[in-house]
$ cat data.txt   # compact mmCIF, C-alpha atoms
# COMPACT_ATOMS: atom_id res chain seq x y z
CA LYS O 1 125.70 108.90 159.37
CA VAL O 2 125.49 106.99 156.12
CA ASP O 3 124.36 103.37 155.88
CA ALA O 4 126.76 100.82 154.42
CA ASP O 5 124.40 100.30 151.47
CA THR O 6 124.17 104.02 150.66
CA TYR O 7 126.14 105.72 147.90
CA LEU O 8 127.11 109.26 148.95
CA PHE O 9 127.86 112.22 146.66
CA PRO O 10 130.06 114.35 148.98
CA GLU O 11 130.32 117.29 146.58
CA ASN O 12 126.52 117.55 146.34
CA PHE O 13 126.26 117.40 150.13
CA LYS O 14 128.71 120.32 150.38
CA ARG O 15 126.81 122.22 147.68
CA TYR O 16 123.53 121.78 149.59
CA VAL O 17 125.00 122.94 152.92
CA ARG O 18 126.54 126.02 151.28
CA ALA O 19 123.41 126.88 149.29
CA LYS O 20 121.23 126.66 152.42
CA GLN O 21 123.89 128.53 154.44
CA LEU O 22 123.68 125.92 157.20
CA SER O 23 125.95 126.86 160.08
CA PRO O 24 127.72 124.13 162.06
CA ASP O 25 127.03 126.24 165.16
CA GLU O 26 123.24 126.07 164.72
CA HIS O 27 121.05 123.02 165.25
CA HIS O 28 120.37 121.03 162.09
CA TYR O 29 119.12 117.46 161.65
CA PHE O 30 118.32 116.68 158.03
CA GLY O 31 118.02 114.05 155.32
CA HIS O 32 115.09 112.22 153.76
CA ARG O 33 112.24 113.19 156.07
CA LEU O 34 109.48 110.65 156.70
CA ASP O 35 106.23 111.62 158.39
CA HIS O 36 104.38 108.32 158.26
CA ARG O 37 104.73 107.89 162.05
CA ILE O 38 103.77 111.45 162.92
CA ASP O 39 100.84 110.36 165.14
CA ASN O 40 103.16 108.30 167.32
CA ALA O 41 106.34 110.33 167.43
CA ALA O 42 108.31 113.13 165.80
CA PRO O 43 108.97 113.15 162.04
CA ILE O 44 112.10 111.13 161.35
CA ILE O 45 115.06 111.16 159.01
CA ALA O 46 115.36 107.85 157.15
CA GLY O 47 118.47 105.96 158.15
CA ALA O 48 119.93 105.90 154.64
CA ALA O 49 121.74 109.19 155.28
CA VAL O 50 121.29 111.24 158.46
CA PHE O 51 123.07 114.56 158.88
CA PHE O 52 123.66 116.48 162.12
CA SER O 53 125.32 119.86 162.42
CA ARG O 54 128.26 119.99 164.81
CA SER O 55 126.08 121.76 167.38
CA THR O 56 123.37 119.08 167.18
CA LEU O 57 125.94 116.31 167.44
CA MET O 58 127.56 117.84 170.52
CA GLU O 59 124.24 118.45 172.30
CA SER O 60 122.82 115.03 171.41
CA ALA O 61 125.91 113.36 172.87
CA LYS O 62 124.96 114.83 176.25
CA ILE O 63 121.54 113.17 176.00
CA TYR O 64 122.96 109.80 174.95
CA ARG O 65 125.41 109.79 177.87
CA LYS O 66 122.44 109.79 180.28
CA PHE O 67 120.66 106.82 178.71
CA SER O 68 121.77 104.14 181.15
CA ASN O 69 119.97 105.60 184.17
CA GLU O 70 117.90 108.72 183.49
CA TYR O 71 115.52 107.32 180.84
CA SER O 72 115.26 103.67 181.86
CA GLY O 73 111.74 103.77 183.36
CA GLU O 74 109.88 105.82 180.75
CA GLY O 75 109.20 102.85 178.46
CA LEU O 76 106.54 101.54 180.84
CA ARG O 77 104.24 104.48 180.07
CA ARG O 78 104.74 104.82 176.29
CA LYS O 79 105.58 102.52 173.39
CA ARG O 80 109.26 101.62 173.39
CA TYR O 81 110.02 103.56 170.18
CA GLU O 82 108.32 106.75 171.42
CA VAL O 83 110.77 107.14 174.30
CA CYS O 84 114.18 108.79 174.31
CA ARG O 85 116.21 105.88 175.66
CA ASP O 86 118.82 103.30 174.80
CA ALA O 87 117.25 100.28 173.15
CA HIS O 88 118.19 97.29 171.06
CA THR O 89 115.68 97.99 168.30
CA ASP O 90 115.17 98.60 164.62
CA GLN O 91 113.54 101.93 165.54
CA GLU O 92 116.72 103.97 166.09
CA GLU O 93 115.58 106.68 163.66
CA VAL O 94 112.41 107.20 165.70
CA ILE O 95 114.28 107.24 169.01
CA THR O 96 116.77 109.77 167.61
CA ALA O 97 113.95 112.04 166.40
CA VAL O 98 112.15 111.80 169.75
CA CYS O 99 115.31 112.61 171.72
CA LEU O 100 116.14 115.63 169.56
CA LYS O 101 112.56 116.93 169.76
CA GLU O 102 112.04 116.38 173.51
CA HIS O 103 115.38 117.59 174.78
CA LEU O 104 116.64 120.09 172.19
CA ASN O 105 113.48 121.15 170.33
CA ILE O 106 115.09 120.07 167.05
CA TYR O 107 112.85 118.71 164.30
CA ALA O 108 113.76 116.72 161.20
CA GLU O 109 114.41 118.90 158.15
CA ALA O 110 113.72 117.52 154.65
CA ALA O 111 116.67 117.74 152.27
CA LEU O 112 114.95 118.99 149.10
CA ASP O 113 116.22 120.96 146.15
CA ASP O 114 114.65 124.27 145.10
CA LEU O 115 111.97 122.43 143.11
CA GLY O 116 110.99 120.29 146.11
CA ARG O 117 112.66 117.13 144.78
CA GLU O 118 114.29 114.66 147.14
CA LEU O 119 118.07 114.80 147.44
CA ILE O 120 118.27 111.40 149.15
CA SER O 121 116.58 108.29 147.80
CA VAL O 122 115.48 105.69 150.34
CA GLY O 123 115.47 102.91 147.74
CA GLU O 124 117.57 101.94 144.76
CA ILE O 125 117.34 104.86 142.37
CA GLU O 126 116.09 102.74 139.47
CA ASP O 127 113.10 101.74 141.65
CA VAL O 128 112.48 105.15 143.20
CA LEU O 129 112.21 106.71 139.74
CA LEU O 130 109.08 104.59 139.19
CA TRP O 131 107.33 105.45 142.48
CA ASN O 132 104.18 107.39 141.66
CA ARG O 133 101.81 108.77 144.25
CA THR O 134 98.84 108.97 141.90
CA GLU O 135 99.16 105.46 140.49
CA GLN O 136 100.33 103.62 143.62
CA GLY O 137 98.31 105.42 146.26
CA GLU O 138 99.28 106.59 149.76
CA TRP O 139 101.55 103.80 150.97
CA TRP O 140 103.95 104.53 153.88
CA TYR O 141 106.46 106.44 151.73
CA TRP O 142 103.87 109.04 150.71
CA VAL O 143 102.00 109.40 154.01
CA ASN O 144 101.99 113.07 155.11
CA LYS O 145 104.43 114.13 152.37
CA PRO O 146 103.39 117.55 151.06
CA VAL O 147 101.79 117.83 147.64
CA ARG O 148 102.89 121.46 147.25
CA HIS O 149 106.26 123.07 147.88
CA PRO O 150 106.13 125.03 151.18
CA GLN O 151 107.83 128.13 149.74
CA THR O 152 106.75 128.23 146.08
CA GLY O 153 103.34 126.53 146.29
CA GLY O 154 104.20 124.53 143.16
CA GLU O 155 103.34 120.86 142.87
CA ILE O 156 106.12 118.65 144.20
CA HIS O 157 107.49 115.75 142.19
CA HIS O 158 109.47 114.02 144.89
CA CYS O 159 112.00 112.22 142.77
CA CYS O 160 114.72 113.09 142.10
CA SER O 161 117.08 116.02 142.26
CA ASP O 162 119.61 116.63 139.50
CA LEU O 163 122.28 116.91 142.23
CA PRO O 164 121.50 114.04 144.62
CA ILE O 165 123.21 113.65 147.97
CA ALA O 166 122.69 109.89 148.35
CA PHE O 167 121.21 106.74 146.80
CA HIS O 168 120.22 103.95 149.19
CA GLY O 169 119.58 100.22 149.00
CA TYR O 170 122.64 98.74 147.30
CA LYS O 171 123.25 95.60 149.38
CA GLN O 172 125.96 94.16 147.13
CA ALA O 173 129.29 95.99 146.97
CA PHE O 174 129.34 95.42 143.21
CA TRP O 175 126.51 97.94 142.72
CA LEU O 176 128.25 100.61 144.82
CA TYR O 177 131.36 100.11 142.70
CA LYS O 178 129.28 100.27 139.51
CA LEU O 179 127.78 103.59 140.63
CA GLU O 180 131.28 104.91 141.32
CA VAL O 181 132.35 103.97 137.80
CA GLU O 182 129.18 105.40 136.22
CA PHE O 183 129.58 108.78 137.90
CA TYR O 184 133.31 109.31 138.34
CA ILE O 185 135.48 106.98 136.25
CA ARG O 186 135.84 106.78 132.48
CA MET O 187 135.35 103.22 131.24
CA ASP O 188 138.44 103.40 129.02
CA GLU O 189 140.55 104.01 132.15
CA LEU O 190 139.57 100.67 133.70
CA PRO O 191 141.44 97.40 133.29
CA ASP O 192 139.75 95.03 130.79
CA GLU O 193 138.84 92.44 133.46
CA VAL O 194 136.96 95.08 135.47
CA THR O 195 135.16 96.43 132.39
CA LYS O 196 133.89 92.93 131.54
CA LYS O 197 132.45 92.46 135.04
CA LEU O 198 130.59 95.77 134.85
CA GLU O 199 128.96 95.09 131.49
$ encode --input "data.txt" --output "structure tokens"
Amino acid sequence: KVDADTYLFPENFKRYVRAKQLSPDEHHYFGHRLDHRIDNAAPIIAGAAVFFSRSTLMESAKIYRKFSNEYSGEGLRRKRYEVCRDAHTDQEEVITAVCLKEHLNIYAEAALDDLGRELISVGEIEDVLLWNRTEQGEWWYWVNKPVRHPQTGGEIHHCCSDLPIAFHGYKQAFWLYKLEVEFYIRMDELPDEVTKKLE
């Protein structure tokens, strides 16, 4: 699932899946992992770009079909976003993570390159490039993010991979179009009126 204000690089997504040898028949739930709510619920994948393997999608559909009756009473005992249930809420990422953890034992996987850099930005890339853990402190974005790469032990610089999967936060269609032109279209191939608008 990709948000309407997210720019997706499909070829980099394919490259990542192939490099990690992710099978559609195994459970995978990945994207930009956030752990700032870890005390309350499972780690989540930020809504900018959420990826399920075919197996995860098929199994999660079985859970979602039961929402209307099986999970309706649980919200009385726990906070509404810590319960696997249908809800009109802005906490759908948390509910998804809780459902996958409780019913399928699937946890959010961070989409990182081999150097531990994020493949999916949760903000406009020109802003994310300036986010600095040392200078800005531990605000929600940095909470519980590792300082060292789990496999190599090297220090992680979270932004940004050379082969990103997605950039998020472009609310105006103009900026999505501008990204398309920047990455895939030669300026001399565009009509003059379009070139003037993009300058």
$ residues_around --input "data.txt" --residues "Phe52 of chain O" --least-positions-apart "6" --cutoff "7 Å" --atoms "only C-alpha atoms" --output "ChimeraX atom specification"
/O:28-30
$ write_last_selection --input "data.txt" --atoms "C-alpha atoms" --output "compact mmCIF listing (two decimals), keeping the file's coordinate frame"
# COMPACT_ATOMS: atom_id res chain seq x y z
CA HIS O 28 120.37 121.03 162.09
CA TYR O 29 119.12 117.46 161.65
CA PHE O 30 118.32 116.68 158.03
$ atom_distance --input "data.txt" --atom1 "atom CA of Asp127 of chain O" --atom2 "atom CA of Leu34 of chain O"
17.9 Å
$ atom_distance --input "data.txt" --atom1 "atom CA of Trp139 of chain O" --atom2 "atom CA of Lys101 of chain O"
25.4 Å
$ closest_residue --input "data.txt" --among "O:Asn144, O:Trp131, O:His27, O:Gly47" --to "Asn105 of chain O" --atoms "all atoms listed in the file"
O:His27
$ atom_distance --input "data.txt" --atom1 "atom CA of Gly123 of chain O" --atom2 "atom CA of His149 of chain O"
22.2 Å
$ closest_residue --input "data.txt" --among "O:Leu129, O:Ile95, O:Ile185, O:Leu115" --to "Arg148 of chain O" --atoms "all atoms listed in the file"
O:Leu115
$ residues_near_point --input "data.txt" --point "(127.0, 106.4, 156.7)" --cutoff "9 Å" --atoms "all atoms listed in the file" --output "PyMOL selection string"
chain O and resi 1-8+47-50
$ write_last_selection --input "data.txt" --atoms "C-alpha atoms" --output "compact mmCIF listing (two decimals), in the coordinates of the input"
# COMPACT_ATOMS: atom_id res chain seq x y z
CA LYS O 1 125.70 108.90 159.37
CA VAL O 2 125.49 106.99 156.12
CA ASP O 3 124.36 103.37 155.88
CA ALA O 4 126.76 100.82 154.42
CA ASP O 5 124.40 100.30 151.47
CA THR O 6 124.17 104.02 150.66
CA TYR O 7 126.14 105.72 147.90
CA LEU O 8 127.11 109.26 148.95
CA GLY O 47 118.47 105.96 158.15
CA ALA O 48 119.93 105.90 154.64
CA ALA O 49 121.74 109.19 155.28
CA VAL O 50 121.29 111.24 158.46
$ closest_residue --input "data.txt" --among "O:Cys99, O:Ala108, O:Ile44, O:Ile120" --to "Lys66 of chain O" --atoms "only C-alpha atoms"
O:Cys99
$ closest_residue --input "data.txt" --among "O:Pro164, O:His103, O:Pro150, O:Thr89" --to "Tyr64 of chain O" --atoms "only C-alpha atoms"
O:His103
